[in-house]
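Q: What follows is start-v2.cif, mmCIF, C-alpha atoms and all ligand atoms.
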data_my_file
#
loop_
_atom_site.label_atom_id
_atom_site.label_comp_id
_atom_site.auth_asym_id
_atom_site.auth_seq_id
_atom_site.Cartn_x
_atom_site.Cartn_y
_atom_site.Cartn_z
CA MET O 52 6.26 34.79 -28.69
CA ILE O 53 9.14 34.70 -26.23
CA GLU O 54 9.44 38.02 -24.40
CA SER O 55 13.13 38.86 -24.46
CA TRP O 56 15.53 41.57 -23.39
CA ARG O 57 18.87 42.67 -24.72
CA TRP O 58 21.55 42.63 -22.05
CA TYR O 59 25.16 43.67 -22.69
CA GLY O 60 26.82 41.58 -19.96
CA ASP O 61 29.47 43.43 -17.96
CA LEU O 62 29.12 46.46 -20.24
CA ASP O 63 25.49 46.87 -19.19
CA PRO O 64 24.72 49.04 -16.14
CA ILE O 65 21.37 47.25 -15.85
CA ALA O 66 21.51 44.15 -13.66
CA LEU O 67 19.76 40.92 -14.59
CA ALA O 68 17.89 41.17 -11.27
CA GLU O 69 16.32 44.37 -12.60
CA VAL O 70 15.47 42.76 -15.92
CA ALA O 71 13.75 39.95 -14.06
CA GLN O 72 11.15 42.45 -12.84
CA THR O 73 10.12 43.27 -16.42
CA GLY O 74 8.67 39.78 -16.83
CA ALA O 75 10.90 38.98 -19.81
CA ARG O 76 12.14 35.42 -19.81
CA GLY O 77 14.59 35.39 -22.69
CA ILE O 78 17.94 37.15 -22.77
CA VAL O 79 19.59 38.35 -25.96
CA THR O 80 23.30 38.90 -25.50
CA ALA O 81 26.73 38.62 -27.07
CA LEU O 82 30.33 38.34 -25.96
CA HIS O 83 30.99 41.98 -26.80
CA GLU O 84 34.43 41.84 -25.23
CA ILE O 85 35.81 39.49 -27.90
CA PRO O 86 37.32 41.33 -30.89
CA TYR O 87 35.67 40.80 -34.27
CA GLY O 88 37.03 37.80 -36.11
CA GLU O 89 38.20 35.85 -33.04
CA VAL O 90 36.67 32.59 -31.84
CA TRP O 91 34.11 32.67 -29.04
CA GLY O 92 35.50 29.96 -26.75
CA THR O 93 33.26 27.32 -25.23
CA GLU O 94 34.19 28.32 -21.69
CA ALA O 95 33.40 32.00 -22.18
CA ILE O 96 30.06 31.06 -23.72
CA ALA O 97 29.28 28.65 -20.90
CA ALA O 98 30.18 31.29 -18.29
CA ARG O 99 27.82 33.84 -19.86
CA LYS O 100 25.12 31.21 -20.15
CA ALA O 101 25.51 30.28 -16.48
CA ARG O 102 25.03 33.91 -15.47
CA VAL O 103 21.92 34.23 -17.61
CA SER O 104 20.44 30.93 -16.42
CA GLY O 105 21.44 31.63 -12.82
CA ALA O 106 19.26 34.76 -12.94
CA GLY O 107 16.33 32.69 -14.18
CA PHE O 108 16.49 33.44 -17.92
CA ASP O 109 17.13 31.50 -21.11
CA TRP O 110 19.79 32.85 -23.48
CA VAL O 111 17.52 32.74 -26.53
CA VAL O 112 19.41 34.67 -29.20
CA VAL O 113 22.99 35.75 -29.86
CA GLU O 114 23.01 39.36 -30.99
CA SER O 115 25.37 39.65 -32.70
CA LEU O 116 28.03 37.24 -33.82
CA PRO O 117 29.83 40.05 -35.65
CA ILE O 118 31.22 39.74 -39.14
CA HIS O 119 34.76 41.00 -39.67
CA GLU O 120 35.02 43.93 -42.10
CA ASN O 121 37.41 41.93 -44.31
CA ILE O 122 34.56 39.51 -45.04
CA LYS O 123 32.38 42.44 -46.09
CA THR O 124 35.07 43.98 -48.28
CA GLY O 125 36.43 40.61 -49.47
CA THR O 126 39.95 41.57 -48.40
CA GLY O 127 42.81 39.14 -47.77
CA ASP O 128 42.70 35.45 -46.91
CA LEU O 129 39.19 34.89 -45.63
CA ALA O 130 39.50 31.15 -44.95
CA PRO O 131 40.69 31.63 -41.32
CA LEU O 132 37.91 34.16 -40.64
CA PHE O 133 35.26 31.78 -41.96
CA ALA O 134 36.79 28.91 -39.98
CA ASN O 135 36.74 31.01 -36.80
CA TYR O 136 33.16 32.02 -37.42
CA ARG O 137 32.09 28.39 -37.86
CA GLN O 138 34.03 27.45 -34.73
CA SER O 139 32.13 30.10 -32.73
CA MET O 140 28.90 28.71 -34.15
CA ALA O 141 29.83 25.17 -33.11
CA ASN O 142 30.78 26.35 -29.62
CA LEU O 143 27.46 28.18 -29.26
CA ALA O 144 25.52 25.16 -30.52
CA ALA O 145 27.39 22.95 -28.04
CA ASN O 146 26.01 25.22 -25.33
CA GLY O 147 22.48 24.93 -26.71
CA ILE O 148 22.36 28.43 -28.20
CA THR O 149 21.11 28.14 -31.74
CA THR O 150 19.68 31.45 -32.97
CA ILE O 151 22.17 33.99 -34.29
CA CYS O 152 21.35 37.57 -35.25
CA TYR O 153 23.92 39.50 -37.27
CA ASN O 154 24.02 42.40 -39.69
CA PHE O 155 25.82 43.15 -42.91
CA MET O 156 26.15 46.93 -42.58
CA PRO O 157 29.53 48.24 -43.74
CA LEU O 158 31.49 49.89 -40.88
CA LEU O 159 28.52 51.22 -38.91
CA ASP O 160 25.57 49.73 -37.06
CA TRP O 161 22.45 51.78 -36.28
CA THR O 162 23.11 55.44 -36.97
CA ARG O 163 21.52 58.42 -35.20
CA THR O 164 22.53 62.07 -35.01
CA ASP O 165 21.03 62.80 -31.59
CA LEU O 166 21.00 60.46 -28.63
CA THR O 167 19.00 62.74 -26.34
CA ALA O 168 16.26 64.33 -28.45
CA PRO O 169 13.46 65.60 -26.20
CA VAL O 170 10.15 63.75 -26.16
CA ALA O 171 6.91 65.62 -25.51
CA GLY O 172 5.92 64.91 -21.93
CA GLY O 173 9.49 64.41 -20.77
CA GLY O 174 12.38 62.09 -21.43
CA THR O 175 14.52 61.61 -24.50
CA CYS O 176 14.68 59.46 -27.61
CA LEU O 177 17.12 58.63 -30.39
CA ARG O 178 16.75 60.81 -33.46
CA PHE O 179 18.12 60.90 -37.01
CA GLU O 180 18.15 64.46 -38.28
CA ALA O 181 18.81 64.78 -42.01
CA HIS O 182 20.59 68.13 -41.81
CA ARG O 183 22.91 66.96 -39.05
CA MET O 184 23.83 63.89 -41.06
CA ALA O 185 24.49 66.16 -44.03
CA ALA O 186 26.62 68.44 -41.82
CA PHE O 187 28.62 65.43 -40.69
CA GLU O 188 29.17 64.09 -44.19
CA VAL O 189 29.74 67.28 -46.10
CA HIS O 190 31.41 69.55 -43.54
CA MET O 191 33.02 67.32 -40.93
CA LEU O 192 34.13 64.46 -43.18
CA GLY O 193 34.56 66.61 -46.28
CA ARG O 194 32.56 64.30 -48.54
CA ARG O 195 31.38 66.91 -51.06
CA GLU O 196 29.80 64.19 -53.21
CA ALA O 197 27.27 63.59 -50.41
CA GLU O 198 25.58 66.86 -51.39
CA ALA O 199 23.79 64.89 -54.10
CA ASP O 200 21.97 62.87 -51.42
CA TYR O 201 20.23 65.87 -49.81
CA THR O 202 17.82 68.61 -50.84
CA PRO O 203 19.04 72.23 -51.04
CA ASP O 204 16.97 73.04 -47.96
CA VAL O 205 18.63 70.30 -45.90
CA LEU O 206 22.07 71.39 -47.17
CA ASN O 207 21.37 74.99 -46.16
CA ARG O 208 20.36 73.92 -42.68
CA ALA O 209 23.45 71.69 -42.53
CA ALA O 210 25.70 74.62 -43.38
CA ALA O 211 23.99 76.80 -40.79
CA TRP O 212 24.34 74.09 -38.15
CA TYR O 213 28.03 73.64 -38.93
CA GLN O 214 28.71 77.38 -38.78
CA GLN O 215 27.36 77.77 -35.28
CA ALA O 216 28.51 74.37 -33.95
CA THR O 217 31.07 74.34 -31.16
CA GLU O 218 33.77 71.69 -30.94
CA GLY O 219 31.61 70.04 -28.28
CA ASP O 220 28.64 69.91 -30.69
CA ARG O 221 30.80 68.29 -33.35
CA ASP O 222 32.21 65.76 -30.89
CA ALA O 223 28.69 64.92 -29.73
CA LEU O 224 27.55 64.38 -33.31
CA LEU O 225 30.47 62.04 -34.02
CA ALA O 226 29.80 60.17 -30.76
CA SER O 227 26.14 59.83 -31.68
CA ILE O 228 26.95 58.41 -35.11
CA MET O 229 29.32 55.87 -33.53
CA ALA O 230 26.99 54.99 -30.64
CA GLY O 231 25.26 52.19 -32.52
CA LEU O 232 28.42 50.12 -32.64
CA PRO O 233 28.08 47.58 -29.86
CA GLY O 234 30.89 46.73 -27.48
CA ALA O 235 34.19 48.47 -27.14
CA PHE O 236 35.66 47.98 -30.60
CA ASP O 237 35.66 49.61 -34.00
CA ARG O 238 34.66 53.15 -33.09
CA TYR O 239 36.23 55.68 -35.40
CA ASP O 240 37.44 59.24 -35.09
CA ILE O 241 37.27 61.44 -38.21
CA PRO O 242 40.68 60.43 -39.66
CA GLY O 243 39.98 56.79 -38.77
CA LEU O 244 36.59 56.93 -40.44
CA ARG O 245 38.15 58.45 -43.58
CA ARG O 246 40.65 55.58 -43.69
CA ALA O 247 37.93 52.99 -43.08
CA LEU O 248 35.78 54.50 -45.84
CA ALA O 249 38.75 54.28 -48.21
CA GLY O 250 38.70 50.53 -47.63
CA TYR O 251 35.25 50.49 -49.24
CA ALA O 252 36.23 52.65 -52.24
CA ASP O 253 35.88 49.73 -54.65
CA ILE O 254 32.87 48.12 -52.99
CA ASP O 255 29.63 48.92 -54.72
CA ARG O 256 26.30 47.23 -54.19
CA THR O 257 27.12 44.36 -56.55
CA ALA O 258 30.46 43.67 -54.88
CA LEU O 259 28.95 43.81 -51.40
CA ARG O 260 26.23 41.40 -52.46
CA ALA O 261 28.82 39.00 -53.86
CA ASN O 262 30.75 39.12 -50.57
CA TYR O 263 27.55 38.58 -48.62
CA LYS O 264 26.58 35.59 -50.75
CA ARG O 265 30.01 34.09 -50.17
CA PHE O 266 29.56 34.53 -46.42
CA LEU O 267 26.17 32.81 -46.54
CA GLU O 268 27.61 29.94 -48.57
CA GLU O 269 30.33 29.53 -45.94
CA VAL O 270 28.07 29.54 -42.89
CA ILE O 271 24.52 28.46 -43.74
CA PRO O 272 25.40 24.81 -44.51
CA ALA O 273 27.22 24.68 -41.15
CA ALA O 274 24.21 26.29 -39.45
CA ASN O 275 22.02 23.66 -41.00
CA ASP O 276 24.27 20.82 -39.76
CA LEU O 277 24.36 22.33 -36.26
CA GLY O 278 20.59 22.91 -36.13
CA MET O 279 21.12 26.67 -35.95
CA ARG O 280 19.10 29.57 -37.33
CA PHE O 281 20.65 32.71 -38.76
CA CYS O 282 18.70 35.94 -38.95
CA VAL O 283 20.02 39.06 -40.62
CA HIS O 284 19.20 42.41 -39.05
CA PRO O 285 18.14 45.09 -41.56
CA ASP O 286 20.15 48.23 -42.21
CA ASP O 287 19.34 51.10 -39.87
CA PRO O 288 18.46 53.48 -41.40
CA PRO O 289 17.55 51.48 -44.52
CA ARG O 290 19.50 53.56 -47.04
CA ASP O 291 23.06 54.05 -48.25
CA ILE O 292 25.04 56.05 -45.74
CA LEU O 293 28.42 57.83 -46.01
CA GLY O 294 28.47 56.58 -49.58
CA LEU O 295 28.54 52.98 -48.32
CA PRO O 296 26.18 50.60 -50.07
CA ARG O 297 23.46 49.02 -47.95
CA ILE O 298 21.94 45.78 -49.16
CA VAL O 299 19.48 44.77 -46.40
CA SER O 300 17.07 47.67 -46.67
CA ASP O 301 13.80 46.58 -48.28
CA ALA O 302 11.70 43.64 -49.43
CA ASP O 303 13.68 43.22 -52.67
CA ASP O 304 16.93 43.04 -50.72
CA ILE O 305 15.50 40.54 -48.27
CA GLY O 306 14.13 38.44 -51.13
CA TRP O 307 17.57 38.42 -52.72
CA ILE O 308 19.20 37.32 -49.44
CA MET O 309 16.68 34.55 -48.79
CA ASN O 310 17.31 33.18 -52.28
CA ALA O 311 21.09 33.63 -52.22
CA VAL O 312 21.17 30.48 -50.11
CA ASN O 313 17.63 29.20 -50.07
CA ALA O 314 17.40 27.38 -46.74
CA PRO O 315 15.29 27.82 -43.60
CA ALA O 316 18.49 28.42 -41.61
CA ASN O 317 19.01 31.58 -43.66
CA GLY O 318 16.46 33.86 -42.06
CA LEU O 319 15.51 37.34 -40.98
CA THR O 320 15.43 39.46 -37.84
CA LEU O 321 12.28 41.45 -38.41
CA CYS O 322 13.38 44.83 -37.02
CA ALA O 323 10.29 47.02 -37.31
CA GLY O 324 12.11 50.22 -36.41
CA SER O 325 14.90 49.77 -38.94
CA LEU O 326 12.70 48.84 -41.88
CA GLY O 327 10.07 51.37 -40.82
CA ALA O 328 12.41 54.33 -41.26
CA ASN O 329 11.92 54.12 -45.04
CA PRO O 330 8.43 55.36 -46.00
CA ALA O 331 8.38 52.88 -48.90
CA ASN O 332 8.59 49.89 -46.53
CA ASP O 333 5.24 48.45 -45.41
CA VAL O 334 6.52 46.59 -42.35
CA PRO O 335 3.54 44.27 -41.68
CA ALA O 336 3.51 43.37 -45.39
CA ILE O 337 7.24 42.59 -45.36
CA ALA O 338 6.73 40.46 -42.25
CA ALA O 339 3.88 38.58 -43.92
CA ARG O 340 5.91 37.96 -47.08
CA PHE O 341 8.91 36.50 -45.25
CA ALA O 342 7.02 35.12 -42.23
CA ASP O 343 8.38 31.60 -42.47
CA ARG O 344 11.96 32.90 -42.34
CA ILE O 345 11.54 35.21 -39.33
CA HIS O 346 13.58 33.74 -36.49
CA PHE O 347 13.60 36.82 -34.24
CA ALA O 348 11.73 40.12 -34.02
CA HIS O 349 12.72 43.62 -32.86
CA LEU O 350 9.62 45.64 -32.12
CA ARG O 351 9.78 49.41 -32.00
CA ASN O 352 8.28 52.33 -33.84
CA VAL O 353 9.46 55.40 -35.75
CA ARG O 354 7.94 58.72 -36.68
CA LYS O 355 9.17 60.14 -39.96
CA ASP O 356 9.48 63.66 -41.33
CA ALA O 357 9.29 64.64 -45.00
CA ASP O 358 13.01 65.53 -45.23
CA GLY O 359 14.26 62.04 -44.32
CA SER O 360 14.58 62.72 -40.59
CA PHE O 361 12.95 60.34 -38.15
CA GLU O 362 12.85 59.59 -34.47
CA GLU O 363 12.07 56.61 -32.31
CA ALA O 364 8.47 56.83 -31.16
CA ALA O 365 6.93 54.91 -28.27
CA HIS O 366 6.35 51.30 -29.29
CA LEU O 367 2.67 51.61 -30.21
CA ASP O 368 2.90 55.16 -31.54
CA GLY O 369 4.61 56.26 -34.72
CA ASP O 370 4.09 55.30 -38.33
CA THR O 371 4.15 51.49 -38.15
CA ASP O 372 0.92 49.66 -37.37
CA MET O 373 2.34 47.64 -34.49
CA VAL O 374 -0.91 45.78 -33.83
CA ALA O 375 -1.02 44.59 -37.45
CA LEU O 376 2.60 43.52 -37.20
CA CYS O 377 2.01 41.57 -33.99
CA ALA O 378 -0.94 39.88 -35.66
CA VAL O 379 1.29 38.70 -38.51
CA LEU O 380 3.86 37.30 -36.08
CA LEU O 381 1.25 35.55 -33.97
CA ALA O 382 -0.34 34.03 -37.08
CA GLU O 383 3.05 32.68 -38.15
CA GLU O 384 3.64 31.27 -34.70
CA ALA O 385 0.24 29.56 -34.77
CA ARG O 386 1.08 28.09 -38.18
CA ARG O 387 4.30 26.63 -36.77
CA ARG O 388 2.49 25.27 -33.74
CA ASP O 389 -0.15 23.66 -35.94
CA ALA O 390 2.63 22.11 -38.00
CA GLY O 391 3.82 20.42 -34.80
CA ARG O 392 7.07 22.35 -34.53
CA ALA O 393 8.51 22.24 -31.03
CA ASP O 394 10.42 25.46 -31.78
CA HIS O 395 7.33 27.38 -32.87
CA ALA O 396 7.81 30.30 -30.42
CA ILE O 397 9.42 33.38 -31.95
CA PRO O 398 11.63 35.44 -29.61
CA PHE O 399 11.08 39.18 -29.73
CA ARG O 400 12.44 42.11 -27.80
CA PRO O 401 11.37 45.71 -27.32
CA ASP O 402 14.11 47.17 -29.49
CA HIS O 403 15.20 50.44 -27.88
CA GLY O 404 13.05 52.64 -25.66
CA HIS O 405 12.79 56.20 -24.45
CA HIS O 406 14.95 57.35 -21.58
CA ILE O 407 12.33 58.39 -19.02
CA LEU O 408 11.69 58.72 -15.30
CA SER O 409 14.47 57.49 -13.00
CA ASP O 410 16.53 56.26 -15.96
CA LEU O 411 17.35 59.93 -16.60
CA ASP O 412 19.39 59.80 -13.37
CA ARG O 413 21.60 56.89 -14.46
CA THR O 414 24.11 56.47 -17.22
CA LEU O 415 22.75 53.78 -19.50
CA ILE O 416 23.56 52.55 -22.98
CA PRO O 417 21.84 54.91 -25.45
CA GLY O 418 18.56 53.37 -26.59
CA TYR O 419 18.77 50.60 -23.99
CA PRO O 420 17.19 52.03 -20.84
CA LEU O 421 15.28 49.99 -18.28
CA ILE O 422 11.99 51.82 -17.94
CA GLY O 423 11.37 52.88 -21.55
CA ARG O 424 11.92 49.33 -22.73
CA LEU O 425 9.79 47.99 -19.88
CA ARG O 426 7.02 50.30 -21.05
CA GLY O 427 7.42 49.01 -24.60
CA LEU O 428 7.47 45.40 -23.49
CA ALA O 429 4.37 45.88 -21.35
CA GLU O 430 2.49 47.54 -24.21
CA LEU O 431 3.49 44.82 -26.66
CA ARG O 432 2.59 42.11 -24.16
CA GLY O 433 -0.88 43.63 -23.86
CA VAL O 434 -1.34 43.74 -27.63
CA MET O 435 -0.24 40.13 -28.00
CA ARG O 436 -2.40 38.92 -25.13
CA ALA O 437 -5.44 40.64 -26.64
CA LEU O 438 -4.73 39.30 -30.12
CA SER O 439 -4.19 35.72 -28.93
CA HIS O 440 -7.31 35.89 -26.82
CA GLY O 441 -9.21 36.87 -29.95
CA ARG O 442 -7.60 33.96 -31.77
CA ALA O 443 -8.51 31.46 -29.05
CA HIS O 444 -12.06 32.72 -28.59
CA GLY O 445 -12.92 34.08 -32.01
C1 LIG D 501 19.35 48.36 -33.36
C2 LIG D 501 19.91 47.07 -32.96
C3 LIG D 501 21.11 46.72 -33.83
C4 LIG D 501 21.36 45.24 -33.93
C5 LIG D 501 22.48 44.80 -34.80
C6 LIG D 501 22.37 43.33 -35.06
O1 LIG D 501 18.28 48.51 -33.79
O2 LIG D 501 18.90 46.17 -33.05
O3 LIG D 501 22.22 47.34 -33.27
O4 LIG D 501 21.66 44.77 -32.67
O5 LIG D 501 22.49 45.49 -35.99
O6 LIG D 501 23.51 42.87 -35.69
MN MN D 502 16.78 46.29 -34.35
#
Would you kindly transcribe this structure into C-alpha cells?
Ligand code: DNO
Ligand code: MN
A:
Amino acid sequence: MIESWRWYGDLDPIALAEVAQTGARGIVTALHEIPYGEVWGTEAIAARKARVSGAGFDWVVVESLPIHENIKTGTGDLAPLFANYRQSMANLAANGITTICYNFMPLLDWTRTDLTAPVAGGGTCLRFEAHRMAAFEVHMLGRREAEADYTPDVLNRAAAWYQQATEGDRDALLASIMAGLPGAFDRYDIPGLRRALAGYADIDRTALRANYKRFLEEVIPAANDLGMRFCVHPDDPPRDILGLPRIVSDADDIGWIMNAVNAPANGLTLCAGSLGANPANDVPAIAARFADRIHFAHLRNVRKDADGSFEEAAHLDGDTDMVALCAVLLAEEARRRDAGRADHAIPFRPDHGHHILSDLDRTLIPGYPLIGRLRGLAELRGVMRALSHGRAHG
C-alpha cells in the first residue's frame, strides 16, 4: 500500500514540508484552480509535479479530474467537453500520472451539515445531522416534497431548528453543505442552488446512468490506450440528496458501473467512509467483491445513528471494521504481486481526520487537518504493518 496524502496545492494552508513529517510518500492532488471542463495544460501539470517531486513525494493519484455538469445532465454539445477531458488525460499521462479519481455526484460532493461537531475528549469532526439536512431542504430551499424522505420526528426537529435559527446559523448550514466542493468553483447560494437543481428536473436515475455510461464509453478506451486507471469515488452520503439521483452508492451500483464498460481501466476508489454511511453497506465485503478493480483507497470511519445521522469517527473507531478492510486490500495487493504486476501497490490516504490539538489554532480546509489525518495515517500504518507481518510469518 502506498501511504498517501491529499494536498490542495496553493489552496492548502498545509505545506508539503509538514506533510513530509507524516511519513507519507504519495501525494494526491488536482489543479483545483482550473475551471471544470477546461484542459489541464501540460505545463501546469509539470509545474505541480515538480513541486511535489521537489518536496520528495510522488504524485500518485489525481483527485479529481472533475466532470462538467453538462456531461452529467447530458446538456448541449458534449463533444468538446469529452475532447478536453481526453486531452487532460493525455497531458497527465505524458507527465507519468496515470491514476485518476473522479465522482459522478450531481452538483454536490461530500455533504455535511456541521463542520465543527464536538468530539468527546476535545477537537471537532464533520457531521451529517438528519434534521439539519431536512431543515435545509424543506425550510431553506422550500422543497416540500423532501418531507417524504424523513420521519415525522426528524421533521419536527427540523422545524424547531429552523424556528430558532439565526441568519448566521442558516449561513453556516449552507456553507457546510457546500464545503465538500473542492477548489474555488461551483459553490451555490440558495437562489443559485434552486437554479442548478432545476437543471436536473428531468434527470432521474435511469437518465443519469445513461449519461454516466456515455462518459465511460468516451474516456475508458482512451484510458486504456494511455495506460491509465480510472477510479470512481462513491457518493457521500450514499443516498439521493436534494432530490438528485445518486448512482454510486452501493454494491449493485458499483457492479453496474464496472459492467457498463467492462475493462480494468474502469475501476473504483474504495472510500470506506462514504460507503460506510449506509448501514446496508458491508464495506469489507464490497471491497472483497470488487478487489481487482480497486485502484485507490480512502480509509476513514463513520459512526451512525438510527435516524440517518452520522459523524466521522477516528479511523479505527466507528462502525466499519477497518482491520478487516485493510486485510482485504493487503490480500489483493499480494495477489497482484504474485501475478508479477509491477504496479501491484495500491495507494491509499487517510480520508479526512478530526481537527485536534494545534490544528484548532489554524484555519485549515474542513476535514483536511494535519494532525487528525496524521493520527489516522499512523493508526492505519500500524494495522497494515501488523497484518503484513502476520502474512509474512504466518
Ligand atoms: C471525500 C472526498 C471527496 C472526493 C471526491 C472525488 O470523502 O474523498 O471529496 O475527493 O468526491 O471526486
Ligand atoms: Mn473519500
Q: At most 7 Å from (25.9, 54.3, -39.2), file frame, all atoms listed in the file: which residues, as an MDAnalysis selection string?
A: chainID O and resid 159:162 228:229 292
Q: Could you please take those selected residues and save C-alpha atoms as an mmCIF file, in the coordinates of the input?
A:
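What landed in again36.cif:
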data_model
loop_
_atom_site.group_PDB
_atom_site.id
_atom_site.type_symbol
_atom_site.label_atom_id
_atom_site.label_comp_id
_atom_site.auth_asym_id
_atom_site.auth_seq_id
_atom_site.Cartn_x
_atom_site.Cartn_y
_atom_site.Cartn_z
ATOM 1 C CA LEU O 159 28.520 51.220 -38.910
ATOM 2 C CA ASP O 160 25.570 49.730 -37.060
ATOM 3 C CA TRP O 161 22.450 51.780 -36.280
ATOM 4 C CA THR O 162 23.110 55.440 -36.970
ATOM 5 C CA ILE O 228 26.950 58.410 -35.110
ATOM 6 C CA MET O 229 29.320 55.870 -33.530
ATOM 7 C CA ILE O 292 25.040 56.050 -45.740
#
Q: So which residues touch O:Leu225 within 12 Å, counting all atoms listed in the file, skipping near sequence neighbours fewer than 3 positions away, as a list of chain:residue names?
A: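 Listed by chain and then number, they are O:Thr162, O:Arg163, O:Thr164, O:Asp165, O:Leu166, O:Arg183, O:Met184, O:Ala186, O:Phe187, O:Glu188, O:Met191, O:Leu192, O:Glu218, O:Gly219, O:Asp220, O:Arg221, O:Asp222, O:Ile228, O:Met229, O:Ala230, O:Gly231, O:Arg238, O:Tyr239, O:Asp240, O:Ile241, O:Pro242, O:Gly243, O:Leu244.
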Q: Please identify the residues whose atoms come within 8 Å of ligand LIG 501 (chain D), using only C-alpha atoms and all ligand atoms, and report them as a list in words.
A: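 These are the residues that qualify: Glu114, Ser115, Leu116, Pro117, Cys152, Tyr153, Asn154, Phe155, Met156, Asp160, Trp161, Gly231, Leu232, Pro233, Val283, His284, Pro285, Asp286, Asp287, Cys322, Gly324, Ser325, His349, Asp402 and His403 of chain O.
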Q: Measuring between only C-alpha atoms and all ligand atoms, which one of O:Asp109, O:Asp333, O:Asp370, O:Glu363 shows the shortest distance to ligand MN 502 (chain D)?
A: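 Among the listed residues, O:Glu363 lies closest to ligand MN 502 (chain D).
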Q: Choose the residue, out of O:Phe361, O:Tyr263, O:Tyr201, O:Phe347, that has the smallest atom-to-atom separation from ligand MN 502 (chain D); count only C-alpha atoms and all ligand atoms.
A: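 Smallest distance to ligand MN 502 (chain D) is found for O:Phe347.
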Q: Taking into account only C-alpha atoms, which residue in the set O:Trp91, O:Leu326, O:Asn121, O:Ala342 is nearest to O:Ala247?
A: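 Distance minimum relative to O:Ala247 lands on O:Asn121.
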Q: Given all atoms listed in the file as the basis, pick out the residue of O:Ile118, O:Val299, O:Met52, O:Ala365 nearest to O:Cys377.
A: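 Of all the options, O:Met52 lies closest to O:Cys377.
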Q: Need to verify the contact set: O:Ala331, 12 Å, all atoms listed in the file, exclusion of same-chain residues closer than 6 positions in sequence. Can you return it as a PyMOL selection string?
A: chain O and resi 289-290+300-303+337+355+359+370-371
Q: For stretch 252-260 of chain O, find every residue with an atom within 7 Å (counting all atoms listed in the file), except residues of its own chain fewer than 4 positions away, and show them as a list in words.
A: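 Near neighbours after the sequence-gap exclusion: Lys123, Thr124, Leu248, Lys264, Pro296 and Ile298 of chain O.
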Q: Mind giving me the straight-line distance from atom CA of O:Ile151 to atom CA of O:Val112 in Å, one decimal?
A: 5.8 Å
Q: If you count only C-alpha atoms, which residues fall within 10 Å of O:Asn317, apart from same-chain ones fewer than 4 positions away, as a list in words?
A: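 What passes the distance filter is Leu267, Val270, Ile271, Pro272, Ala274, Asn275, Met279, Arg280, Phe281, Cys282, Val283, Ile308, Met309, Asn310, Ala311, Val312, Asn313, Arg344, Ile345 and His346 of chain O.
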Q: Write the residues you've just listed into a file as a PDB file, in the coordinates of the input, and include C-alpha atoms for each of them.
A:
ATOM      1  CA  LEU O 267      26.170  32.810 -46.540  1.00  0.00           C
ATOM      2  CA  VAL O 270      28.070  29.540 -42.890  1.00  0.00           C
ATOM      3  CA  ILE O 271      24.520  28.460 -43.740  1.00  0.00           C
ATOM      4  CA  PRO O 272      25.400  24.810 -44.510  1.00  0.00           C
ATOM      5  CA  ALA O 274      24.210  26.290 -39.450  1.00  0.00           C
ATOM      6  CA  ASN O 275      22.020  23.660 -41.000  1.00  0.00           C
ATOM      7  CA  MET O 279      21.120  26.670 -35.950  1.00  0.00           C
ATOM      8  CA  ARG O 280      19.100  29.570 -37.330  1.00  0.00           C
ATOM      9  CA  PHE O 281      20.650  32.710 -38.760  1.00  0.00           C
ATOM     10  CA  CYS O 282      18.700  35.940 -38.950  1.00  0.00           C
ATOM     11  CA  VAL O 283      20.020  39.060 -40.620  1.00  0.00           C
ATOM     12  CA  ILE O 308      19.200  37.320 -49.440  1.00  0.00           C
ATOM     13  CA  MET O 309      16.680  34.550 -48.790  1.00  0.00           C
ATOM     14  CA  ASN O 310      17.310  33.180 -52.280  1.00  0.00           C
ATOM     15  CA  ALA O 311      21.090  33.630 -52.220  1.00  0.00           C
ATOM     16  CA  VAL O 312      21.170  30.480 -50.110  1.00  0.00           C
ATOM     17  CA  ASN O 313      17.630  29.200 -50.070  1.00  0.00           C
ATOM     18  CA  ARG O 344      11.960  32.900 -42.340  1.00  0.00           C
ATOM     19  CA  ILE O 345      11.540  35.210 -39.330  1.00  0.00           C
ATOM     20  CA  HIS O 346      13.580  33.740 -36.490  1.00  0.00           C
TER      21      HIS O 346
END
Q: Could you add whatever atoms are missing so that stretch 99-108 of chain O carries N, CA and C atoms, then write the result as a PDB file, in the coordinates of the input?
A:
ATOM      1  N   ARG O  99      28.898  32.881 -19.646  1.00  0.00           N
ATOM      2  CA  ARG O  99      27.820  33.840 -19.860  1.00  0.00           C
ATOM      3  C   ARG O  99      26.464  33.148 -19.699  1.00  0.00           C
ATOM      4  N   LYS O 100      26.389  31.934 -20.241  1.00  0.00           N
ATOM      5  CA  LYS O 100      25.120  31.210 -20.150  1.00  0.00           C
ATOM      6  C   LYS O 100      24.760  30.924 -18.692  1.00  0.00           C
ATOM      7  N   ALA O 101      25.776  30.592 -17.900  1.00  0.00           N
ATOM      8  CA  ALA O 101      25.510  30.280 -16.480  1.00  0.00           C
ATOM      9  C   ALA O 101      24.990  31.522 -15.753  1.00  0.00           C
ATOM     10  N   ARG O 102      25.523  32.688 -16.110  1.00  0.00           N
ATOM     11  CA  ARG O 102      25.030  33.910 -15.470  1.00  0.00           C
ATOM     12  C   ARG O 102      23.581  34.174 -15.839  1.00  0.00           C
ATOM     13  N   VAL O 103      23.287  33.975 -17.115  1.00  0.00           N
ATOM     14  CA  VAL O 103      21.920  34.230 -17.610  1.00  0.00           C
ATOM     15  C   VAL O 103      20.951  33.231 -16.972  1.00  0.00           C
ATOM     16  N   SER O 104      21.328  31.953 -16.987  1.00  0.00           N
ATOM     17  CA  SER O 104      20.440  30.930 -16.420  1.00  0.00           C
ATOM     18  C   SER O 104      20.320  31.097 -14.914  1.00  0.00           C
ATOM     19  N   GLY O 105      21.444  31.459 -14.276  1.00  0.00           N
ATOM     20  CA  GLY O 105      21.440  31.630 -12.820  1.00  0.00           C
ATOM     21  C   GLY O 105      20.470  32.716 -12.380  1.00  0.00           C
ATOM     22  N   ALA O 106      20.208  33.687 -13.274  1.00  0.00           N
ATOM     23  CA  ALA O 106      19.260  34.760 -12.940  1.00  0.00           C
ATOM     24  C   ALA O 106      17.840  34.389 -13.358  1.00  0.00           C
ATOM     25  N   GLY O 107      17.675  33.174 -13.862  1.00  0.00           N
ATOM     26  CA  GLY O 107      16.330  32.690 -14.180  1.00  0.00           C
ATOM     27  C   GLY O 107      15.891  32.875 -15.616  1.00  0.00           C
ATOM     28  N   PHE O 108      16.845  33.203 -16.512  1.00  0.00           N
ATOM     29  CA  PHE O 108      16.490  33.440 -17.920  1.00  0.00           C
ATOM     30  C   PHE O 108      17.040  32.330 -18.822  1.00  0.00           C
TER      31      PHE O 108
END
